[in-house]
$ cat coords.cif   # mmCIF, C-alpha atoms and all ligand atoms
data_data
#
loop_
_atom_site.label_atom_id
_atom_site.label_comp_id
_atom_site.auth_asym_id
_atom_site.auth_seq_id
_atom_site.Cartn_x
_atom_site.Cartn_y
_atom_site.Cartn_z
CA MET A 1327 78.87 97.63 91.91
CA THR A 1328 80.89 98.30 88.72
CA GLU A 1329 83.13 95.63 87.18
CA ILE A 1330 85.59 95.71 84.30
CA LEU A 1331 87.45 92.59 83.15
CA ILE A 1332 90.71 92.99 81.27
CA ARG A 1333 90.78 89.62 79.57
CA ASN A 1334 93.44 87.35 78.11
CA ALA A 1335 96.52 89.55 78.28
CA ASP A 1336 99.65 87.92 76.83
CA VAL A 1337 101.37 88.75 80.14
CA VAL A 1338 100.29 90.49 83.35
CA VAL A 1339 103.25 92.07 85.16
CA THR A 1340 101.95 91.96 88.73
CA MET A 1341 104.95 93.34 90.70
CA ASP A 1342 103.77 91.06 93.52
CA GLY A 1343 106.28 89.71 96.05
CA ALA A 1344 107.37 86.89 93.73
CA ARG A 1345 107.32 89.24 90.70
CA SER A 1346 105.01 86.75 89.00
CA GLU A 1347 104.04 87.34 85.37
CA PRO A 1348 101.06 85.10 84.55
CA GLN A 1349 100.44 84.51 80.83
CA GLY A 1350 97.04 84.46 79.14
CA ALA A 1351 95.76 86.13 82.28
CA ASP A 1352 92.87 88.40 83.26
CA VAL A 1353 92.55 91.31 85.69
CA LEU A 1354 89.16 91.90 87.32
CA ILE A 1355 88.42 95.42 88.57
CA ARG A 1356 85.56 96.02 90.99
CA ASP A 1357 84.61 99.53 92.11
CA GLY A 1358 88.06 100.93 91.33
CA VAL A 1359 89.95 98.19 93.14
CA ILE A 1360 91.66 95.07 91.79
CA ALA A 1361 89.44 92.12 92.74
CA ALA A 1362 91.35 89.24 91.12
CA VAL A 1363 94.23 88.37 88.77
CA GLY A 1364 94.31 84.95 87.07
CA GLN A 1365 93.06 82.84 84.22
CA GLY A 1366 89.43 82.29 83.23
CA LEU A 1367 87.89 85.07 85.35
CA ARG A 1368 84.27 86.06 84.66
CA THR A 1369 82.16 89.21 84.92
CA THR A 1370 78.71 90.50 84.09
CA GLY A 1371 80.29 93.92 83.54
CA GLU A 1372 82.39 95.41 80.74
CA VAL A 1373 85.08 93.26 79.07
CA VAL A 1374 88.28 94.72 77.56
CA THR A 1375 90.13 92.12 75.50
CA ALA A 1376 93.91 92.39 75.92
CA THR A 1377 95.15 89.73 73.50
CA GLY A 1378 98.51 90.86 72.10
CA CYS A 1379 99.05 93.13 75.11
CA VAL A 1380 101.25 93.36 78.20
CA VAL A 1381 99.42 94.67 81.26
CA THR A 1382 101.45 96.54 83.91
CA PRO A 1383 100.75 98.68 86.95
CA GLY A 1384 100.36 102.33 85.96
CA PHE A 1385 103.63 104.22 85.68
CA VAL A 1386 104.34 106.88 88.33
CA ASN A 1387 105.95 110.23 87.58
CA THR A 1388 107.58 111.71 90.67
CA HIS A 1389 108.97 115.01 89.35
CA HIS A 1390 107.56 117.55 86.92
CA HIS A 1391 106.93 121.24 86.42
CA LEU A 1392 103.87 120.98 84.22
CA TYR A 1393 103.76 124.73 83.46
CA GLN A 1394 107.03 124.37 81.54
CA THR A 1395 105.28 122.61 78.66
CA LEU A 1396 104.67 126.19 77.45
CA THR A 1397 108.42 126.82 77.16
CA ARG A 1398 109.73 123.79 75.30
CA ALA A 1399 112.71 124.27 73.00
CA VAL A 1400 113.08 127.99 73.80
CA PRO A 1401 116.09 129.11 71.72
CA GLY A 1402 118.00 130.91 74.51
CA GLY A 1403 117.72 127.91 76.83
CA GLN A 1404 118.43 125.07 74.42
CA ASP A 1405 122.15 124.76 75.12
CA ALA A 1406 122.62 126.32 78.57
CA LEU A 1407 123.65 124.78 81.88
CA LEU A 1408 121.15 124.79 84.76
CA PHE A 1409 121.71 128.28 86.16
CA GLY A 1410 121.99 129.97 82.74
CA TRP A 1411 118.91 128.09 81.55
CA LEU A 1412 116.93 129.31 84.57
CA LYS A 1413 117.96 132.92 84.01
CA THR A 1414 116.75 132.73 80.39
CA LEU A 1415 113.37 131.28 81.31
CA TYR A 1416 112.41 133.13 84.53
CA PRO A 1417 111.29 136.36 82.71
CA ILE A 1418 109.09 134.32 80.33
CA TRP A 1419 107.51 132.35 83.18
CA ALA A 1420 106.81 135.63 85.00
CA ARG A 1421 104.29 136.53 82.26
CA MET A 1422 102.12 133.43 82.85
CA GLY A 1423 98.81 133.43 84.73
CA PRO A 1424 96.04 130.99 85.78
CA GLU A 1425 95.01 130.07 82.22
CA GLU A 1426 98.62 129.29 81.22
CA ILE A 1427 99.09 127.16 84.35
CA ARG A 1428 95.86 125.20 83.71
CA VAL A 1429 96.34 124.57 79.98
CA SER A 1430 100.02 123.68 80.29
CA ALA A 1431 99.10 121.17 83.03
CA LEU A 1432 96.45 119.60 80.78
CA THR A 1433 99.07 119.29 78.04
CA GLY A 1434 101.71 117.71 80.28
CA LEU A 1435 99.25 115.34 81.94
CA ALA A 1436 97.85 114.26 78.56
CA GLU A 1437 101.35 113.38 77.39
CA LEU A 1438 101.98 111.44 80.60
CA ALA A 1439 98.68 109.54 80.39
CA LEU A 1440 99.32 108.46 76.82
CA SER A 1441 102.75 107.16 77.88
CA GLY A 1442 101.32 104.95 80.63
CA CYS A 1443 101.30 107.27 83.65
CA THR A 1444 98.42 106.96 86.11
CA LEU A 1445 99.88 109.04 88.98
CA SER A 1446 101.94 112.19 88.60
CA SER A 1447 103.34 114.63 91.08
CA ASP A 1448 103.96 118.23 90.11
CA HIS A 1449 106.24 120.90 91.54
CA LEU A 1450 104.77 124.36 91.00
CA TYR A 1451 107.05 126.93 92.62
CA MET A 1452 105.92 130.26 91.12
CA TYR A 1453 102.50 131.86 91.19
CA PRO A 1454 102.64 134.86 88.86
CA ASN A 1455 99.63 137.04 88.08
CA GLY A 1456 97.13 135.28 90.33
CA ALA A 1457 98.02 131.67 89.48
CA ARG A 1458 97.29 129.12 92.23
CA LEU A 1459 98.04 125.47 92.92
CA GLU A 1460 94.44 124.50 92.19
CA ASP A 1461 94.83 125.59 88.57
CA THR A 1462 96.82 122.34 88.16
CA ILE A 1463 94.55 120.27 90.43
CA HIS A 1464 91.53 121.18 88.30
CA ALA A 1465 93.44 120.08 85.18
CA ALA A 1466 94.26 116.70 86.75
CA GLN A 1467 90.63 116.24 87.78
CA GLU A 1468 89.51 117.07 84.25
CA ILE A 1469 91.78 114.47 82.65
CA GLY A 1470 91.22 111.92 85.45
CA LEU A 1471 94.79 111.22 86.59
CA ARG A 1472 95.82 110.66 90.19
CA PHE A 1473 97.76 113.74 91.25
CA HIS A 1474 100.26 114.74 93.93
CA PRO A 1475 100.76 118.50 93.44
CA THR A 1476 103.37 120.13 95.64
CA ARG A 1477 103.14 123.74 96.80
CA GLY A 1478 106.54 125.02 95.71
CA ALA A 1479 108.03 128.42 96.46
CA MET A 1480 110.89 130.83 95.85
CA SER A 1481 111.71 133.55 98.37
CA ILE A 1482 115.26 134.76 97.67
CA GLY A 1483 115.28 137.07 94.65
CA GLN A 1484 118.20 138.62 92.80
CA SER A 1485 118.38 141.63 95.11
CA GLN A 1486 119.18 139.24 97.99
CA GLY A 1487 121.74 137.15 96.09
CA GLY A 1488 119.31 134.52 94.82
CA LEU A 1489 118.82 133.37 91.24
CA PRO A 1490 115.18 134.29 90.38
CA PRO A 1491 114.02 137.85 89.55
CA ASP A 1492 112.40 139.63 92.51
CA ALA A 1493 109.01 139.63 90.70
CA LEU A 1494 108.80 135.83 90.95
CA VAL A 1495 109.52 135.45 94.67
CA GLU A 1496 107.04 135.51 97.55
CA ARG A 1497 107.20 136.48 101.21
CA GLU A 1498 107.90 133.46 103.40
CA GLY A 1499 104.92 134.03 105.70
CA ALA A 1500 102.57 134.14 102.70
CA ILE A 1501 104.13 130.94 101.33
CA LEU A 1502 103.51 129.01 104.54
CA ASN A 1503 99.94 130.35 104.81
CA ASP A 1504 99.17 129.25 101.28
CA CYS A 1505 100.66 125.79 101.99
CA ILE A 1506 98.21 125.45 104.88
CA ARG A 1507 95.33 126.68 102.69
CA VAL A 1508 95.91 124.16 99.87
CA ILE A 1509 96.58 121.23 102.22
CA ASP A 1510 93.35 121.92 104.11
CA ALA A 1511 91.39 122.33 100.88
CA PHE A 1512 92.74 119.49 98.73
CA HIS A 1513 94.91 116.93 100.58
CA ASP A 1514 93.26 113.52 100.99
CA PRO A 1515 95.13 111.08 103.27
CA ARG A 1516 92.72 108.17 102.69
CA PRO A 1517 93.54 105.03 100.65
CA GLY A 1518 92.61 105.52 97.01
CA ALA A 1519 93.11 109.31 97.29
CA MET A 1520 93.06 111.06 93.92
CA VAL A 1521 94.83 114.19 95.27
CA ARG A 1522 97.57 114.49 97.87
CA VAL A 1523 99.35 117.78 98.42
CA GLY A 1524 103.03 118.14 99.33
CA VAL A 1525 105.21 121.04 100.52
CA ALA A 1526 108.11 121.91 98.21
CA PRO A 1527 110.35 125.00 98.46
CA CYS A 1528 112.00 125.13 95.03
CA SER A 1529 115.63 124.47 95.91
CA PRO A 1530 118.28 125.42 98.47
CA PHE A 1531 119.44 128.20 96.12
CA SER A 1532 116.06 129.99 95.91
CA VAL A 1533 114.73 129.92 99.49
CA SER A 1534 116.16 130.65 102.94
CA ARG A 1535 117.36 128.16 105.51
CA GLU A 1536 114.47 129.25 107.72
CA LEU A 1537 111.87 128.47 105.07
CA MET A 1538 113.36 125.01 104.48
CA ARG A 1539 113.17 124.31 108.22
CA ASP A 1540 109.67 125.78 108.69
CA ALA A 1541 108.36 123.90 105.62
CA ALA A 1542 109.54 120.61 107.14
CA LEU A 1543 107.87 121.43 110.47
CA LEU A 1544 104.63 122.38 108.72
CA ALA A 1545 104.60 119.23 106.54
CA ARG A 1546 105.11 116.99 109.59
CA ASP A 1547 102.40 118.82 111.51
CA LYS A 1548 99.99 118.28 108.60
CA GLY A 1549 101.13 114.74 107.76
CA VAL A 1550 102.07 115.57 104.16
CA MET A 1551 105.22 114.89 102.16
CA LEU A 1552 108.21 117.12 101.40
CA HIS A 1553 109.88 117.57 98.02
CA THR A 1554 112.64 119.71 96.51
CA HIS A 1555 115.61 119.68 94.10
CA LEU A 1556 118.92 118.45 95.50
CA ALA A 1557 122.50 117.91 94.32
CA GLU A 1558 121.54 118.36 90.68
CA ASN A 1559 124.94 119.29 89.23
CA ASP A 1560 128.41 120.60 90.10
CA GLU A 1561 127.20 124.23 90.31
CA ASP A 1562 124.61 123.11 92.85
CA ILE A 1563 127.26 121.43 95.05
CA ALA A 1564 129.55 124.48 94.78
CA TYR A 1565 126.68 126.79 95.80
CA SER A 1566 125.94 124.63 98.85
CA GLN A 1567 129.56 124.60 99.95
CA ALA A 1568 130.01 128.35 99.41
CA GLN A 1569 126.71 129.46 101.01
CA PHE A 1570 126.15 126.85 103.71
CA GLY A 1571 129.64 125.40 104.23
CA CYS A 1572 128.48 121.83 103.68
CA ARG A 1573 127.32 119.35 101.05
CA PRO A 1574 123.61 119.16 100.12
CA GLY A 1575 123.01 115.93 102.08
CA GLU A 1576 124.21 117.51 105.33
CA TYR A 1577 122.16 120.64 104.65
CA ALA A 1578 119.07 118.51 104.08
CA GLN A 1579 119.63 116.48 107.22
CA ASP A 1580 120.22 119.56 109.41
CA LEU A 1581 116.90 121.10 108.34
CA GLY A 1582 114.73 118.00 108.71
CA TRP A 1583 114.74 117.14 105.02
CA THR A 1584 115.44 113.41 105.33
CA GLY A 1585 112.93 110.65 106.10
CA ALA A 1586 110.33 108.39 104.55
CA ASP A 1587 108.10 111.43 103.97
CA VAL A 1588 110.74 113.24 101.85
CA TRP A 1589 111.77 112.81 98.24
CA HIS A 1590 114.43 114.79 96.39
CA ALA A 1591 114.66 115.34 92.64
CA HIS A 1592 117.89 114.56 90.71
CA CYS A 1593 120.54 113.69 93.34
CA VAL A 1594 123.03 113.32 90.47
CA LYS A 1595 125.94 114.33 92.68
CA LEU A 1596 125.23 112.44 95.90
CA ASP A 1597 128.41 110.91 97.34
CA GLY A 1598 128.73 107.60 99.19
CA ALA A 1599 127.99 109.09 102.61
CA GLU A 1600 124.89 110.84 101.29
CA ILE A 1601 123.66 107.64 99.64
CA ASP A 1602 124.05 105.86 103.01
CA LEU A 1603 122.17 108.70 104.73
CA PHE A 1604 119.28 108.43 102.26
CA ALA A 1605 119.14 104.62 102.66
CA ARG A 1606 119.18 104.79 106.49
CA SER A 1607 116.56 107.52 106.65
CA ARG A 1608 114.33 105.99 103.90
CA THR A 1609 114.56 109.25 101.93
CA GLY A 1610 113.33 108.89 98.32
CA VAL A 1611 114.90 110.02 95.04
CA ALA A 1612 113.19 111.16 91.82
CA HIS A 1613 115.63 110.22 89.07
CA CYS A 1614 115.23 112.38 85.94
CA PRO A 1615 117.58 110.89 83.33
CA CYS A 1616 116.57 112.90 80.22
CA SER A 1617 116.69 116.23 82.06
CA ASN A 1618 120.11 115.34 83.49
CA CYS A 1619 121.31 114.62 79.93
CA ARG A 1620 119.65 117.69 78.45
CA LEU A 1621 121.30 120.04 80.98
CA GLY A 1622 124.59 118.12 80.98
CA SER A 1623 124.29 117.52 84.73
CA GLY A 1624 125.65 113.96 84.73
CA ILE A 1625 124.42 110.42 85.38
CA ALA A 1626 122.83 109.83 88.79
CA PRO A 1627 124.31 106.90 90.77
CA VAL A 1628 121.07 104.91 90.60
CA ARG A 1629 122.83 101.51 90.68
CA GLN A 1630 124.72 102.52 93.82
CA MET A 1631 121.55 103.94 95.40
CA ARG A 1632 119.53 100.81 94.70
CA ASP A 1633 122.31 98.55 96.00
CA ALA A 1634 122.44 100.60 99.19
CA GLY A 1635 118.65 100.35 99.61
CA VAL A 1636 117.64 103.88 98.59
CA LYS A 1637 114.09 104.21 97.24
CA VAL A 1638 114.40 105.40 93.62
CA ALA A 1639 111.60 106.49 91.29
CA LEU A 1640 111.41 108.17 87.89
CA GLY A 1641 110.57 111.72 86.89
CA VAL A 1642 110.35 113.34 83.47
CA ASP A 1643 111.13 116.75 85.05
CA GLY A 1644 109.83 119.99 83.61
CA SER A 1645 109.23 120.08 79.89
CA ALA A 1646 111.63 122.97 79.38
CA SER A 1647 114.57 120.75 80.32
CA ASN A 1648 113.60 117.41 78.75
CA ASP A 1649 111.69 118.66 76.64
CA ALA A 1650 109.51 115.56 76.28
CA GLY A 1651 107.19 114.20 78.93
CA ASN A 1652 106.92 110.60 77.77
CA LEU A 1653 107.33 108.46 80.88
CA ILE A 1654 108.03 105.08 79.27
CA ALA A 1655 110.66 106.72 77.07
CA GLU A 1656 112.13 108.19 80.26
CA ALA A 1657 112.36 104.70 81.75
CA ARG A 1658 114.24 103.42 78.70
CA MET A 1659 116.71 106.30 78.98
CA GLY A 1660 117.17 105.58 82.68
CA MET A 1661 117.97 101.94 81.96
CA LEU A 1662 120.44 102.84 79.22
CA LEU A 1663 122.25 105.50 81.25
CA GLN A 1664 123.03 103.11 84.11
CA ARG A 1665 124.64 100.86 81.51
CA VAL A 1666 126.75 103.76 80.23
CA ARG A 1667 127.93 104.39 83.77
CA ASN A 1668 128.26 100.84 85.11
CA GLY A 1669 128.18 98.30 82.26
CA ALA A 1670 125.62 96.29 80.28
CA ASP A 1671 124.46 94.21 83.25
CA ALA A 1672 123.93 97.22 85.53
CA MET A 1673 120.19 97.75 84.97
CA SER A 1674 117.82 95.15 83.54
CA ALA A 1675 114.61 95.99 81.71
CA ARG A 1676 112.57 94.43 84.53
CA GLU A 1677 114.36 96.39 87.24
CA MET A 1678 113.65 99.64 85.40
CA LEU A 1679 110.02 98.62 84.92
CA GLU A 1680 109.85 98.14 88.69
CA ILE A 1681 111.40 101.55 89.37
CA ALA A 1682 108.88 103.17 86.99
CA THR A 1683 105.83 101.59 88.65
CA LEU A 1684 106.19 100.13 92.15
CA GLY A 1685 109.24 102.32 92.84
CA GLY A 1686 107.23 105.45 92.14
CA ALA A 1687 104.38 104.35 94.39
CA GLN A 1688 106.83 103.66 97.23
CA VAL A 1689 108.62 107.00 96.90
CA LEU A 1690 105.25 108.83 96.99
CA GLY A 1691 104.14 106.89 100.06
CA ARG A 1692 101.36 104.99 98.25
CA ASP A 1693 101.07 101.47 99.65
CA ASP A 1694 97.73 101.19 97.83
CA LEU A 1695 99.38 101.45 94.38
CA GLY A 1696 102.17 99.92 92.29
CA ARG A 1697 101.15 96.23 92.21
CA LEU A 1698 98.43 94.33 90.37
CA VAL A 1699 97.23 92.23 93.28
CA PRO A 1700 93.78 92.00 94.91
CA GLY A 1701 93.01 94.95 97.18
CA MET A 1702 95.23 97.44 95.37
CA ARG A 1703 93.67 100.38 93.53
CA ALA A 1704 93.07 99.70 89.84
CA ASP A 1705 95.72 101.91 88.17
CA ILE A 1706 96.61 99.85 85.10
CA ALA A 1707 98.40 100.34 81.77
CA VAL A 1708 97.67 98.09 78.78
CA TRP A 1709 100.48 98.03 76.19
CA ASP A 1710 99.83 96.64 72.71
CA VAL A 1711 102.94 94.65 71.78
CA SER A 1712 101.44 93.25 68.58
CA GLY A 1713 102.47 96.27 66.49
CA LEU A 1714 105.58 97.36 64.65
CA GLU A 1715 107.76 98.47 67.58
CA ALA A 1716 107.84 95.07 69.29
CA ALA A 1717 107.43 92.86 66.19
CA GLY A 1718 109.91 89.99 66.50
CA ALA A 1719 110.40 90.41 70.26
CA TRP A 1720 111.08 87.19 72.19
CA ASP A 1721 110.31 88.64 75.61
CA PRO A 1722 107.34 91.04 75.53
CA VAL A 1723 107.96 92.37 79.05
CA ALA A 1724 111.60 93.30 78.39
CA ALA A 1725 110.47 94.62 75.00
CA LEU A 1726 108.56 97.41 76.75
CA MET A 1727 111.91 98.89 77.83
CA LEU A 1728 114.13 97.66 75.00
CA CYS A 1729 111.85 98.27 71.99
CA GLY A 1730 108.42 99.86 72.47
CA PRO A 1731 105.64 100.84 72.13
CA THR A 1732 105.98 104.28 73.71
CA ARG A 1733 102.22 104.90 73.79
CA VAL A 1734 99.71 103.02 75.86
CA ARG A 1735 96.62 101.38 74.27
CA ASP A 1736 94.40 101.61 77.34
CA LEU A 1737 94.83 103.26 80.72
CA PHE A 1738 92.75 102.84 83.87
CA VAL A 1739 92.92 105.10 86.93
CA GLU A 1740 90.92 104.02 89.99
CA GLY A 1741 89.16 101.68 87.56
CA ARG A 1742 88.07 104.48 85.21
CA GLN A 1743 89.22 104.24 81.61
CA VAL A 1744 91.17 107.40 80.81
CA VAL A 1745 92.73 106.15 77.55
CA ARG A 1746 90.91 103.84 75.12
CA GLY A 1747 92.51 102.59 71.91
CA GLY A 1748 95.30 105.16 72.23
CA HIS A 1749 92.94 108.13 72.72
CA LEU A 1750 92.05 110.11 75.82
CA THR A 1751 88.41 109.58 76.78
CA THR A 1752 88.26 112.68 78.96
CA LEU A 1753 89.77 115.44 76.85
CA ASP A 1754 89.37 117.04 73.43
CA LEU A 1755 93.11 116.80 72.77
CA PRO A 1756 93.29 118.76 69.46
CA ARG A 1757 91.57 121.65 71.21
CA VAL A 1758 94.01 121.55 74.15
CA ILE A 1759 96.96 121.55 71.74
CA GLU A 1760 95.51 124.49 69.80
CA THR A 1761 95.02 126.51 73.01
CA GLN A 1762 98.48 125.54 74.25
CA ASN A 1763 100.11 126.73 71.01
CA ARG A 1764 98.16 129.98 71.09
CA LEU A 1765 99.36 130.66 74.66
CA ALA A 1766 102.97 129.76 73.78
CA ARG A 1767 102.93 132.15 70.82
CA ALA A 1768 101.59 134.94 73.06
CA LEU A 1769 104.42 134.33 75.57
CA ALA A 1770 106.96 134.56 72.72
CA ARG A 1771 105.76 138.03 71.68
ZN ZN B 1 112.82 120.04 88.44
#

$ encode --input "coords.cif" --output "structure tokens"
Amino acid sequence: MTEILIRNADVVVTMDGARSEPQGADVLIRDGVIAAVGQGLRTTGEVVTATGCVVTPGFVNTHHHLYQTLTRAVPGGQDALLFGWLKTLYPIWARMGPEEIRVSALTGLAELALSGCTLSSDHLYMYPNGARLEDTIHAAQEIGLRFHPTRGAMSIGQSQGGLPPDALVEREGAILNDCIRVIDAFHDPRPGAMVRVGVAPCSPFSVSRELMRDAALLARDKGVMLHTHLAENDEDIAYSQAQFGCRPGEYAQDLGWTGADVWHAHCVKLDGAEIDLFARSRTGVAHCPCSNCRLGSGIAPVRQMRDAGVKVALGVDGSASNDAGNLIAEARMGMLLQRVRNGADAMSAREMLEIATLGGAQVLGRDDLGRLVPGMRADIAVWDVSGLEAAGAWDPVAALMLCGPTRVRDLFVEGRQVVRGGHLTTLDLPRVIETQNRLARALAR
């Protein structure tokens, strides 16, 4: 039996049913599971003192393309809209291989961990030069984060009227076979799972109708989740209407892409009927505020979605379109953008904190995560609010969204300490950064 006691936190944000926030409280972890939350708890195991800290559930990132950390701030893509940006980056991505995929994933996951993330999904939709989904899974295992990789795909190349170059697309039969391979090899349906695999054709504009439909059938047969991009911007809506004669929501519904086992990234342009459809069908949304700003896509109707009962979570999106991967900074941007769209009372700091933690767990189908209550898995972020960023704050919980810090002090995943005193315990970070920069320079040549 292994115990860790996080002792005497200024506040513990439990996200329990009453949203209680006990002060001067402890969290006891036993064998990777939360055993107790309260005052005056005892242990014979390790003690981590959290005086001056706010303790929250680990943040959950529900949309990323980790490989894109190798193409941040690429000059030709800095000021382009979505489709132009993609056309600039595809030829660079086509030169990557397994080492680029692994190192870029380590980089992106390190950035997420240091910003409070304990569970990240990833959407890898191209496999150039022998790259495979497990290149990212091995990176997540090395750093110690919980990971929901999705087996993405593109099958309609330029010669068939699609957006990506033909060299980056795969045959649809091979895509489905590889989905089966990685699900069988890596997906773990049990509570406390460290890896769950999803099925994720890239977007309606890069795969066929048949692949969307077959992917949904395969995912349901295997009991795994479905993920893709949807209704990201005006070009995306226009493409759907021109190619399929309907809006993205109807397209998704027709092909089996709604339900509690589906989550869509962006959804900036969902209309009222589509929001109702998502609420009724329990379909989830990965809201990516910085990426939507960066590509000028618009402000997603998160307030309207939440009011209608849609499950909403946060995603930093790929690092080529953010280009940061700091999850708590993403949450702050999400809170601010809803205020731009709907007014100053449209999104409170606590509601955004809920979206970033519990909301993410719910969208990814994890009823074992997202709350600090006994029986839940011990995925925990410890934020030091005694420093400069929050100095003078009257409400330390709201300060996490309104002020800072933007880096976690300690991070626990399944009870294992992945970050201690602001440093990763599992990774030689300077070495990862050096390798990452070497690979980026080689891609630029
Ligand atoms: Zn994306």

$ atom_distance --input "coords.cif" --atom1 "CA of Tyr1451 (chain A)" --atom2 "CA of Ser1529 (chain A)"
9.5 Å

$ residues_near_ligand --input "coords.cif" --ligand "ligand ZN 1 (chain B)" --cutoff "7 Å" --atoms "all atoms listed in the file" --output "number ranges by chain"
A: 1389-1391, 1555, 1591, 1643-1644

$ closest_residue --input "coords.cif" --among "A:Arg1620, A:Ala1766, A:Leu1581, A:Asp1562" --to "Val1594 (chain A)" --atoms "only C-alpha atoms"
A:Asp1562

$ residues_around --input "coords.cif" --residues "Ile1625 (chain A)" --least-positions-apart "2" --cutoff "12 Å" --atoms "all atoms listed in the file" --output "number ranges by chain"
A: 1557-1560, 1592-1596, 1613-1623, 1627-1630, 1659-1668

$ closest_atom_pairs --input "coords.cif" --of "region 1408-1484 of chain A" --to "region 1679-1701 of chain A" --cutoff "10 Å" --atoms "only C-alpha atoms" --output "Markdown table"
| residue | atom | partner | partner_atom | distance |
| --- | --- | --- | --- | --- |
| A:Gly1442 | CA | A:Thr1683 | CA | 9.8 |
| A:Cys1443 | CA | A:Thr1683 | CA | 8.8 |
| A:Thr1444 | CA | A:Thr1683 | CA | 9.5 |
| A:Leu1445 | CA | A:Ala1687 | CA | 8.5 |
| A:Ser1446 | CA | A:Gly1686 | CA | 9.3 |
| A:Ser1447 | CA | A:Leu1690 | CA | 8.5 |
| A:His1474 | CA | A:Leu1690 | CA | 8.3 |

$ atom_distance --input "coords.cif" --atom1 "CA of His1449 (chain A)" --atom2 "CA of Arg1746 (chain A)"
28.2 Å

$ atom_distance --input "coords.cif" --atom1 "CA of Ala1657 (chain A)" --atom2 "CA of Met1727 (chain A)"
7.0 Å

$ residues_around --input "coords.cif" --residues "Val1744 (chain A)" --least-positions-apart "6" --cutoff "8 Å" --atoms "only C-alpha atoms" --output "list in words"
Ala1439, Ile1469, Gly1470, Leu1471, Asp1736, Leu1737, Phe1738, Leu1750, Thr1751 and Thr1752 of chain A

$ closest_residue --input "coords.cif" --among "A:Trp1411, A:Gly1747, A:Pro1491, A:Glu1496" --to "Ala1399 (chain A)" --atoms "all atoms listed in the file"
A:Trp1411

$ closest_residue --input "coords.cif" --among "A:Val1386, A:Leu1714, A:Ala1650, A:Ala1545" --to "Val1638 (chain A)" --atoms "all atoms listed in the file"
A:Val1386

$ residues_around --input "coords.cif" --residues "Thr1761 (chain A)" --least-positions-apart "4" --cutoff "12 Å" --atoms "only C-alpha atoms" --output "PDB file with C-alpha atoms, in the coordinates of the input"
ATOM      1  CA  LEU A1396     104.670 126.190  77.450  1.00  0.00           C
ATOM      2  CA  GLU A1425      95.010 130.070  82.220  1.00  0.00           C
ATOM      3  CA  GLU A1426      98.620 129.290  81.220  1.00  0.00           C
ATOM      4  CA  ARG A1428      95.860 125.200  83.710  1.00  0.00           C
ATOM      5  CA  VAL A1429      96.340 124.570  79.980  1.00  0.00           C
ATOM      6  CA  SER A1430     100.020 123.680  80.290  1.00  0.00           C
ATOM      7  CA  LEU A1432      96.450 119.600  80.780  1.00  0.00           C
ATOM      8  CA  THR A1433      99.070 119.290  78.040  1.00  0.00           C
ATOM      9  CA  ASP A1754      89.370 117.040  73.430  1.00  0.00           C
ATOM     10  CA  LEU A1755      93.110 116.800  72.770  1.00  0.00           C
ATOM     11  CA  PRO A1756      93.290 118.760  69.460  1.00  0.00           C
ATOM     12  CA  ARG A1757      91.570 121.650  71.210  1.00  0.00           C
ATOM     13  CA  LEU A1765      99.360 130.660  74.660  1.00  0.00           C
ATOM     14  CA  ALA A1766     102.970 129.760  73.780  1.00  0.00           C
ATOM     15  CA  ARG A1767     102.930 132.150  70.820  1.00  0.00           C
ATOM     16  CA  ALA A1768     101.590 134.940  73.060  1.00  0.00           C
TER      17      ALA A1768
END

$ closest_residue --input "coords.cif" --among "A:Glu1329, A:Glu1347, A:Asp1336, A:Glu1740" --to "Arg1703 (chain A)" --atoms "all atoms listed in the file"
A:Glu1740

$ build_atoms --input "coords.cif" --residues "region 1599-1604 of chain A" --atoms "N, CA, C and O atoms" --output "PDB file, in the coordinates of the input"
ATOM      1  N   ALA A1599     128.556 108.837 101.285  1.00  0.00           N
ATOM      2  CA  ALA A1599     127.990 109.090 102.610  1.00  0.00           C
ATOM      3  C   ALA A1599     126.546 109.559 102.497  1.00  0.00           C
ATOM      4  O   ALA A1599     125.689 109.202 103.320  1.00  0.00           O
ATOM      5  N   GLU A1600     126.262 110.358 101.485  1.00  0.00           N
ATOM      6  CA  GLU A1600     124.890 110.840 101.290  1.00  0.00           C
ATOM      7  C   GLU A1600     123.953 109.709 100.864  1.00  0.00           C
ATOM      8  O   GLU A1600     122.789 109.662 101.275  1.00  0.00           O
ATOM      9  N   ILE A1601     124.464 108.802 100.041  1.00  0.00           N
ATOM     10  CA  ILE A1601     123.660 107.640  99.640  1.00  0.00           C
ATOM     11  C   ILE A1601     123.323 106.802 100.883  1.00  0.00           C
ATOM     12  O   ILE A1601     122.176 106.373 101.074  1.00  0.00           O
ATOM     13  N   ASP A1602     124.305 106.598 101.759  1.00  0.00           N
ATOM     14  CA  ASP A1602     124.050 105.860 103.010  1.00  0.00           C
ATOM     15  C   ASP A1602     123.012 106.578 103.882  1.00  0.00           C
ATOM     16  O   ASP A1602     122.128 105.947 104.466  1.00  0.00           O
ATOM     17  N   LEU A1603     123.131 107.906 103.952  1.00  0.00           N
ATOM     18  CA  LEU A1603     122.170 108.700 104.730  1.00  0.00           C
ATOM     19  C   LEU A1603     120.749 108.516 104.193  1.00  0.00           C
ATOM     20  O   LEU A1603     119.792 108.324 104.955  1.00  0.00           O
ATOM     21  N   PHE A1604     120.602 108.579 102.865  1.00  0.00           N
ATOM     22  CA  PHE A1604     119.280 108.430 102.260  1.00  0.00           C
ATOM     23  C   PHE A1604     118.727 107.017 102.508  1.00  0.00           C
ATOM     24  O   PHE A1604     117.536 106.844 102.742  1.00  0.00           O
TER      25      PHE A1604
END
